[in-house]
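Novice: Here you go, one structure.
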Amino acid sequence: MGDPKRDTYEGRPFARPGEELVDQGLGFDIGTVMRRRQVLRAFGLGAAVLGLAAACGDDLDGGTASGASGTPGAGTASGEIPDETAGPYPGDGSNGPDVLNQMGIVRSDIRSGFGTASGAAGGVPMALELSIVDLAGGRPFAGVAVYVWHCDREGRYSLYSPGVTDQNYLRGVQIADAQGKVRFTSVFPACYDGRWPHIHFEVYPDQASITDATKAIATSQVALPKDVCDTVYATAGYSASVANLARVTLQNDMVFGDDGGALQLGTVTGSATAGYSVALTAKVDTRTTPAGGGAPGGGPGGPGGGPPPSR
């Protein structure tokens, strides 16, 4: 029999006896977060920073680059990436438009539209690198397809927001290389009212799976550091983001508030003039059932249409 002290946490039996706390799977983690949240609410503390314990000795983890913005180690934090909803504007067919069945969606530069869409998104240049790790196999998740999307400088989502329903920019898919990495060229997203600045992404087993949103094995979001956001939003075109950012924090954001974005805060380097590089390691555990995805209904987001009503 296992050691009862090792095989329980806060009086709850481990889902995987004998393994570490951080290896108990998404269902166990959600139960832990919900229990803590209930206790905190009882004391009137509201949302709290509930960081997950770091796993030890993972050779796939690296350090934060010198001078980079973001929580130390955030870009390569240990533990499964939290599952999130895809939000109201996924463009994956789960809530209206489906860009994933269009020719040209597999691309690295997502600043311009493709197919019949001719528009382009302006803003501070941003390079995004996601490193996808297979927790079940303990290695880089080569060959998975990663779909990325986010709002533009004005806080609008292509395909959904007024003025850009005929556009499909800031959406694209890349196939992970042997190191599990995908890279995109984009622009820094706005902060719209009610949400912390973020980038959405879905992970699919392979390119053939992207036409069916139900096949996503992970759905999550990248949070962007406040100091970098402050610098970007002081540049031309981002003025509305200044007031919006002042009204939200990582701790009270509806998505990142559970743990302050501990596993989702990107590591950022660069400048507003030269552009920024955003990096995040996303660990995916195929042994757990995906709890994210889907898309609640909602009207257009951004200026002119009101903020997105949910994630």
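Letters A, B, ... go to the chains of the structure tokens in the order shown; residues in each chain start at 1; ligands are counted from 1 in the same order.
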Kindly assemble as JSON lines a list of the segment 192-305 of chain A residues that lie within 12 Å of segment 145-167 of chain A, each paired with its nearest atom pair and their distance in Å to one decimal, using only C-alpha atoms, sorted first by chain and then by ascending residue number.
Specialist:
{"residue": "A:Tyr192", "atom": "CA", "partner": "A:Gly155", "partner_atom": "CA", "distance": 5.4}
{"residue": "A:Asp193", "atom": "CA", "partner": "A:Gly155", "partner_atom": "CA", "distance": 8.8}
{"residue": "A:Gly194", "atom": "CA", "partner": "A:Gly155", "partner_atom": "CA", "distance": 11.4}
{"residue": "A:Arg195", "atom": "CA", "partner": "A:Gly155", "partner_atom": "CA", "distance": 10.5}
{"residue": "A:Trp196", "atom": "CA", "partner": "A:Gly155", "partner_atom": "CA", "distance": 11.6}
{"residue": "A:Pro197", "atom": "CA", "partner": "A:Cys151", "partner_atom": "CA", "distance": 9.2}
{"residue": "A:His198", "atom": "CA", "partner": "A:His150", "partner_atom": "CA", "distance": 7.2}
{"residue": "A:Ile199", "atom": "CA", "partner": "A:His150", "partner_atom": "CA", "distance": 5.0}
{"residue": "A:His200", "atom": "CA", "partner": "A:Trp149", "partner_atom": "CA", "distance": 5.3}
{"residue": "A:Phe201", "atom": "CA", "partner": "A:Val148", "partner_atom": "CA", "distance": 4.4}
{"residue": "A:Glu202", "atom": "CA", "partner": "A:Tyr147", "partner_atom": "CA", "distance": 5.1}
{"residue": "A:Val203", "atom": "CA", "partner": "A:Val146", "partner_atom": "CA", "distance": 4.6}
{"residue": "A:Tyr204", "atom": "CA", "partner": "A:Ala145", "partner_atom": "CA", "distance": 5.0}
{"residue": "A:Pro205", "atom": "CA", "partner": "A:Ala145", "partner_atom": "CA", "distance": 6.3}
{"residue": "A:Asp206", "atom": "CA", "partner": "A:Ala145", "partner_atom": "CA", "distance": 5.0}
{"residue": "A:Gln207", "atom": "CA", "partner": "A:Ala145", "partner_atom": "CA", "distance": 5.3}
{"residue": "A:Ala208", "atom": "CA", "partner": "A:Ala145", "partner_atom": "CA", "distance": 8.6}
{"residue": "A:Ser209", "atom": "CA", "partner": "A:Ala145", "partner_atom": "CA", "distance": 8.1}
{"residue": "A:Ile210", "atom": "CA", "partner": "A:Ala145", "partner_atom": "CA", "distance": 7.3}
{"residue": "A:Thr211", "atom": "CA", "partner": "A:Tyr147", "partner_atom": "CA", "distance": 10.9}
{"residue": "A:Ala213", "atom": "CA", "partner": "A:Tyr147", "partner_atom": "CA", "distance": 10.5}
{"residue": "A:Lys215", "atom": "CA", "partner": "A:Ala145", "partner_atom": "CA", "distance": 11.0}
{"residue": "A:Ala216", "atom": "CA", "partner": "A:Ala145", "partner_atom": "CA", "distance": 9.3}
{"residue": "A:Ile217", "atom": "CA", "partner": "A:Ala145", "partner_atom": "CA", "distance": 10.2}
{"residue": "A:Ala218", "atom": "CA", "partner": "A:Val146", "partner_atom": "CA", "distance": 9.5}
{"residue": "A:Thr219", "atom": "CA", "partner": "A:Tyr147", "partner_atom": "CA", "distance": 9.5}
{"residue": "A:Ser220", "atom": "CA", "partner": "A:Val148", "partner_atom": "CA", "distance": 10.0}
{"residue": "A:Gln221", "atom": "CA", "partner": "A:Val148", "partner_atom": "CA", "distance": 9.3}
{"residue": "A:Val222", "atom": "CA", "partner": "A:His150", "partner_atom": "CA", "distance": 10.0}
{"residue": "A:Ala223", "atom": "CA", "partner": "A:His150", "partner_atom": "CA", "distance": 11.4}
{"residue": "A:Cys229", "atom": "CA", "partner": "A:Arg153", "partner_atom": "CA", "distance": 11.9}
{"residue": "A:Val232", "atom": "CA", "partner": "A:Arg153", "partner_atom": "CA", "distance": 10.2}
{"residue": "A:Tyr233", "atom": "CA", "partner": "A:Arg153", "partner_atom": "CA", "distance": 9.3}
{"residue": "A:Thr235", "atom": "CA", "partner": "A:Arg153", "partner_atom": "CA", "distance": 10.6}
{"residue": "A:Ala236", "atom": "CA", "partner": "A:Arg153", "partner_atom": "CA", "distance": 9.7}
{"residue": "A:Gly237", "atom": "CA", "partner": "A:Arg153", "partner_atom": "CA", "distance": 6.6}
{"residue": "A:Tyr238", "atom": "CA", "partner": "A:Arg153", "partner_atom": "CA", "distance": 6.0}
{"residue": "A:Ser239", "atom": "CA", "partner": "A:Glu154", "partner_atom": "CA", "distance": 8.9}
{"residue": "A:Ala240", "atom": "CA", "partner": "A:Glu154", "partner_atom": "CA", "distance": 7.6}
{"residue": "A:Ser241", "atom": "CA", "partner": "A:Gly155", "partner_atom": "CA", "distance": 8.1}
{"residue": "A:Val242", "atom": "CA", "partner": "A:Glu154", "partner_atom": "CA", "distance": 11.7}
{"residue": "A:Asn244", "atom": "CA", "partner": "A:Gly155", "partner_atom": "CA", "distance": 10.4}
{"residue": "A:Leu245", "atom": "CA", "partner": "A:Gly155", "partner_atom": "CA", "distance": 12.0}
{"residue": "A:Ala282", "atom": "CA", "partner": "A:Val146", "partner_atom": "CA", "distance": 11.0}
{"residue": "A:Val284", "atom": "CA", "partner": "A:Val146", "partner_atom": "CA", "distance": 12.0}
{"residue": "A:Gly297", "atom": "CA", "partner": "A:Tyr160", "partner_atom": "CA", "distance": 11.4}
{"residue": "A:Gly298", "atom": "CA", "partner": "A:Tyr160", "partner_atom": "CA", "distance": 9.7}
{"residue": "A:Gly299", "atom": "CA", "partner": "A:Ser161", "partner_atom": "CA", "distance": 7.9}
{"residue": "A:Pro300", "atom": "CA", "partner": "A:Ser161", "partner_atom": "CA", "distance": 4.4}
{"residue": "A:Gly301", "atom": "CA", "partner": "A:Ser161", "partner_atom": "CA", "distance": 5.6}
{"residue": "A:Gly302", "atom": "CA", "partner": "A:Gly155", "partner_atom": "CA", "distance": 4.4}
{"residue": "A:Pro303", "atom": "CA", "partner": "A:Gly155", "partner_atom": "CA", "distance": 6.6}
{"residue": "A:Gly304", "atom": "CA", "partner": "A:Pro162", "partner_atom": "CA", "distance": 7.0}
{"residue": "A:Gly305", "atom": "CA", "partner": "A:Pro162", "partner_atom": "CA", "distance": 6.6}
Novice: Enumerate as a ChimeraX atom specification all residues of segment 105-220 of chain A assigned to strand (DSSP E) by DSSP on the backbone, naming them with the chain letters and numbers the document uses.
Specialist: /A:125-134,139-140,145-149,171-175,181-187,198-204,218-220
Novice: Go ahead and compute the interatomic distance for atom CA of Gln179 of chain A and atom CA of Ala127 of chain A, in Å to one decimal.
Specialist: 17.5 Å
Novice: Got a sec: who's within 8 Å of Thr269 of chain A, counting only C-alpha atoms, leaving out chain neighbours fewer than 6 positions off, as a PDB file with all heavy atoms, in the first residue's frame?
Specialist:
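Below you can see out-v2.pdb, which holds the result:
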ATOM      1  N   GLY A  67      16.749  39.781 -18.556  1.00  0.00           N
ATOM      2  CA  GLY A  67      16.109  41.011 -18.978  1.00  0.00           C
ATOM      3  C   GLY A  67      14.710  40.835 -19.516  1.00  0.00           C
ATOM      4  O   GLY A  67      14.101  41.794 -19.962  1.00  0.00           O
ATOM      5  N   ALA A  68      14.185  39.641 -19.495  1.00  0.00           N
ATOM      6  CA  ALA A  68      12.850  39.402 -20.040  1.00  0.00           C
ATOM      7  C   ALA A  68      11.791  39.822 -19.048  1.00  0.00           C
ATOM      8  O   ALA A  68      11.976  39.749 -17.844  1.00  0.00           O
ATOM      9  CB  ALA A  68      12.680  37.929 -20.388  1.00  0.00           C
ATOM     10  N   SER A  69      10.625  40.271 -19.589  1.00  0.00           N
ATOM     11  CA  SER A  69       9.502  40.624 -18.737  1.00  0.00           C
ATOM     12  C   SER A  69       8.638  39.408 -18.486  1.00  0.00           C
ATOM     13  O   SER A  69       8.572  38.494 -19.293  1.00  0.00           O
ATOM     14  CB  SER A  69       8.667  41.716 -19.405  1.00  0.00           C
ATOM     15  OG  SER A  69       9.399  42.910 -19.504  1.00  0.00           O
ATOM     16  N   TYR A 276       8.470  42.947 -30.324  1.00  0.00           N
ATOM     17  CA  TYR A 276       8.626  42.067 -29.169  1.00  0.00           C
ATOM     18  C   TYR A 276       8.579  40.596 -29.575  1.00  0.00           C
ATOM     19  O   TYR A 276       7.948  40.230 -30.566  1.00  0.00           O
ATOM     20  CB  TYR A 276       7.527  42.336 -28.145  1.00  0.00           C
ATOM     21  CG  TYR A 276       7.690  43.639 -27.404  1.00  0.00           C
ATOM     22  CD1 TYR A 276       6.999  44.782 -27.817  1.00  0.00           C
ATOM     23  CD2 TYR A 276       8.538  43.736 -26.318  1.00  0.00           C
ATOM     24  CE1 TYR A 276       7.151  45.989 -27.140  1.00  0.00           C
ATOM     25  CE2 TYR A 276       8.699  44.938 -25.632  1.00  0.00           C
ATOM     26  CZ  TYR A 276       8.006  46.060 -26.060  1.00  0.00           C
ATOM     27  OH  TYR A 276       8.172  47.239 -25.385  1.00  0.00           O
ATOM     28  N   SER A 277       9.268  39.788 -28.775  1.00  0.00           N
ATOM     29  CA  SER A 277       9.204  38.335 -28.916  1.00  0.00           C
ATOM     30  C   SER A 277       8.540  37.771 -27.673  1.00  0.00           C
ATOM     31  O   SER A 277       8.975  38.064 -26.548  1.00  0.00           O
ATOM     32  CB  SER A 277      10.607  37.739 -29.079  1.00  0.00           C
ATOM     33  OG  SER A 277      11.197  38.161 -30.291  1.00  0.00           O
ATOM     34  N   VAL A 278       7.495  37.006 -27.850  1.00  0.00           N
ATOM     35  CA  VAL A 278       6.739  36.403 -26.755  1.00  0.00           C
ATOM     36  C   VAL A 278       6.948  34.888 -26.804  1.00  0.00           C
ATOM     37  O   VAL A 278       6.784  34.281 -27.863  1.00  0.00           O
ATOM     38  CB  VAL A 278       5.235  36.725 -26.862  1.00  0.00           C
ATOM     39  CG1 VAL A 278       4.456  36.073 -25.716  1.00  0.00           C
ATOM     40  CG2 VAL A 278       5.009  38.234 -26.887  1.00  0.00           C
TER      41      VAL A 278
END
Novice: Find the residues near Ile132 of chain A: any atom within 8 Å, counting only C-alpha atoms, skip ones fewer than 6 places away on the same chain, and give them as a PDB file with N, CA, C and O atoms, in the first residue's frame.
Specialist:
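Listed below is the output, around-v1.pdb:
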ATOM      1  N   PRO A 140       9.255  16.868 -26.355  1.00  0.00           N
ATOM      2  CA  PRO A 140       8.596  17.864 -27.215  1.00  0.00           C
ATOM      3  C   PRO A 140       7.507  17.216 -28.053  1.00  0.00           C
ATOM      4  O   PRO A 140       7.668  16.094 -28.537  1.00  0.00           O
ATOM      5  N   PHE A 141       6.398  17.922 -28.220  1.00  0.00           N
ATOM      6  CA  PHE A 141       5.236  17.370 -28.915  1.00  0.00           C
ATOM      7  C   PHE A 141       5.328  17.695 -30.406  1.00  0.00           C
ATOM      8  O   PHE A 141       4.606  18.548 -30.930  1.00  0.00           O
ATOM      9  N   ALA A 142       6.210  17.013 -31.094  1.00  0.00           N
ATOM     10  CA  ALA A 142       6.411  17.249 -32.521  1.00  0.00           C
ATOM     11  C   ALA A 142       5.186  16.827 -33.319  1.00  0.00           C
ATOM     12  O   ALA A 142       4.514  15.852 -32.991  1.00  0.00           O
ATOM     13  N   ALA A 176       4.082  21.897 -35.306  1.00  0.00           N
ATOM     14  CA  ALA A 176       5.238  21.898 -34.412  1.00  0.00           C
ATOM     15  C   ALA A 176       6.414  21.131 -35.016  1.00  0.00           C
ATOM     16  O   ALA A 176       6.244  20.040 -35.583  1.00  0.00           O
ATOM     17  N   GLY A 180       8.995  20.659 -30.883  1.00  0.00           N
ATOM     18  CA  GLY A 180       7.663  21.002 -30.410  1.00  0.00           C
ATOM     19  C   GLY A 180       7.346  22.482 -30.517  1.00  0.00           C
ATOM     20  O   GLY A 180       6.396  22.958 -29.902  1.00  0.00           O
ATOM     21  N   LYS A 181       8.089  23.214 -31.316  1.00  0.00           N
ATOM     22  CA  LYS A 181       7.926  24.665 -31.393  1.00  0.00           C
ATOM     23  C   LYS A 181       7.124  25.099 -32.615  1.00  0.00           C
ATOM     24  O   LYS A 181       7.259  24.515 -33.695  1.00  0.00           O
ATOM     25  N   THR A 281       6.036  28.038 -22.833  1.00  0.00           N
ATOM     26  CA  THR A 281       6.023  26.587 -22.915  1.00  0.00           C
ATOM     27  C   THR A 281       4.663  26.097 -22.428  1.00  0.00           C
ATOM     28  O   THR A 281       4.240  26.426 -21.321  1.00  0.00           O
ATOM     29  N   ALA A 282       3.982  25.350 -23.275  1.00  0.00           N
ATOM     30  CA  ALA A 282       2.653  24.815 -22.942  1.00  0.00           C
ATOM     31  C   ALA A 282       2.745  23.302 -22.857  1.00  0.00           C
ATOM     32  O   ALA A 282       2.991  22.632 -23.865  1.00  0.00           O
ATOM     33  N   LYS A 283       2.545  22.773 -21.668  1.00  0.00           N
ATOM     34  CA  LYS A 283       2.628  21.333 -21.468  1.00  0.00           C
ATOM     35  C   LYS A 283       1.231  20.721 -21.552  1.00  0.00           C
ATOM     36  O   LYS A 283       0.314  21.131 -20.842  1.00  0.00           O
ATOM     37  N   VAL A 284       1.107  19.753 -22.433  1.00  0.00           N
ATOM     38  CA  VAL A 284      -0.184  19.125 -22.715  1.00  0.00           C
ATOM     39  C   VAL A 284      -0.140  17.670 -22.254  1.00  0.00           C
ATOM     40  O   VAL A 284       0.794  16.938 -22.574  1.00  0.00           O
TER      41      VAL A 284
END
Novice: List every residue of segment 182-291 of chain A that has an atom at most 8 Å from any atom of segment 100-118 of chain A, and for each one report the closest atom pair and its distance in Å to one decimal, counting only C-alpha atoms, with rows sorted by chain and then by increasing residue number, as JSON lines.
Specialist:
{"residue": "A:Arg183", "atom": "CA", "partner": "A:Ser108", "partner_atom": "CA", "distance": 6.4}
{"residue": "A:Phe184", "atom": "CA", "partner": "A:Ser108", "partner_atom": "CA", "distance": 4.6}
{"residue": "A:Thr185", "atom": "CA", "partner": "A:Asp109", "partner_atom": "CA", "distance": 4.5}
{"residue": "A:Ser186", "atom": "CA", "partner": "A:Arg111", "partner_atom": "CA", "distance": 5.1}
{"residue": "A:Val187", "atom": "CA", "partner": "A:Arg111", "partner_atom": "CA", "distance": 6.8}
{"residue": "A:Ile210", "atom": "CA", "partner": "A:Leu100", "partner_atom": "CA", "distance": 6.1}
{"residue": "A:Thr211", "atom": "CA", "partner": "A:Asn101", "partner_atom": "CA", "distance": 5.3}
Novice: DSSP on the backbone: what in segment 76-281 of chain A comes out helix (DSSP H, G or I), as a list in words?
Specialist: Thr76, Gln207, Ala208, Ser209, Ala213, Thr214, Lys215, Lys226, Asp227, Val228, Cys229, Asp230, Thr231, Val232, Ser239, Ala240, Ser241, Val242, Ala243, Asn244, Leu245, Ala246, Phe256, Gly257 and Asp258 of chain A
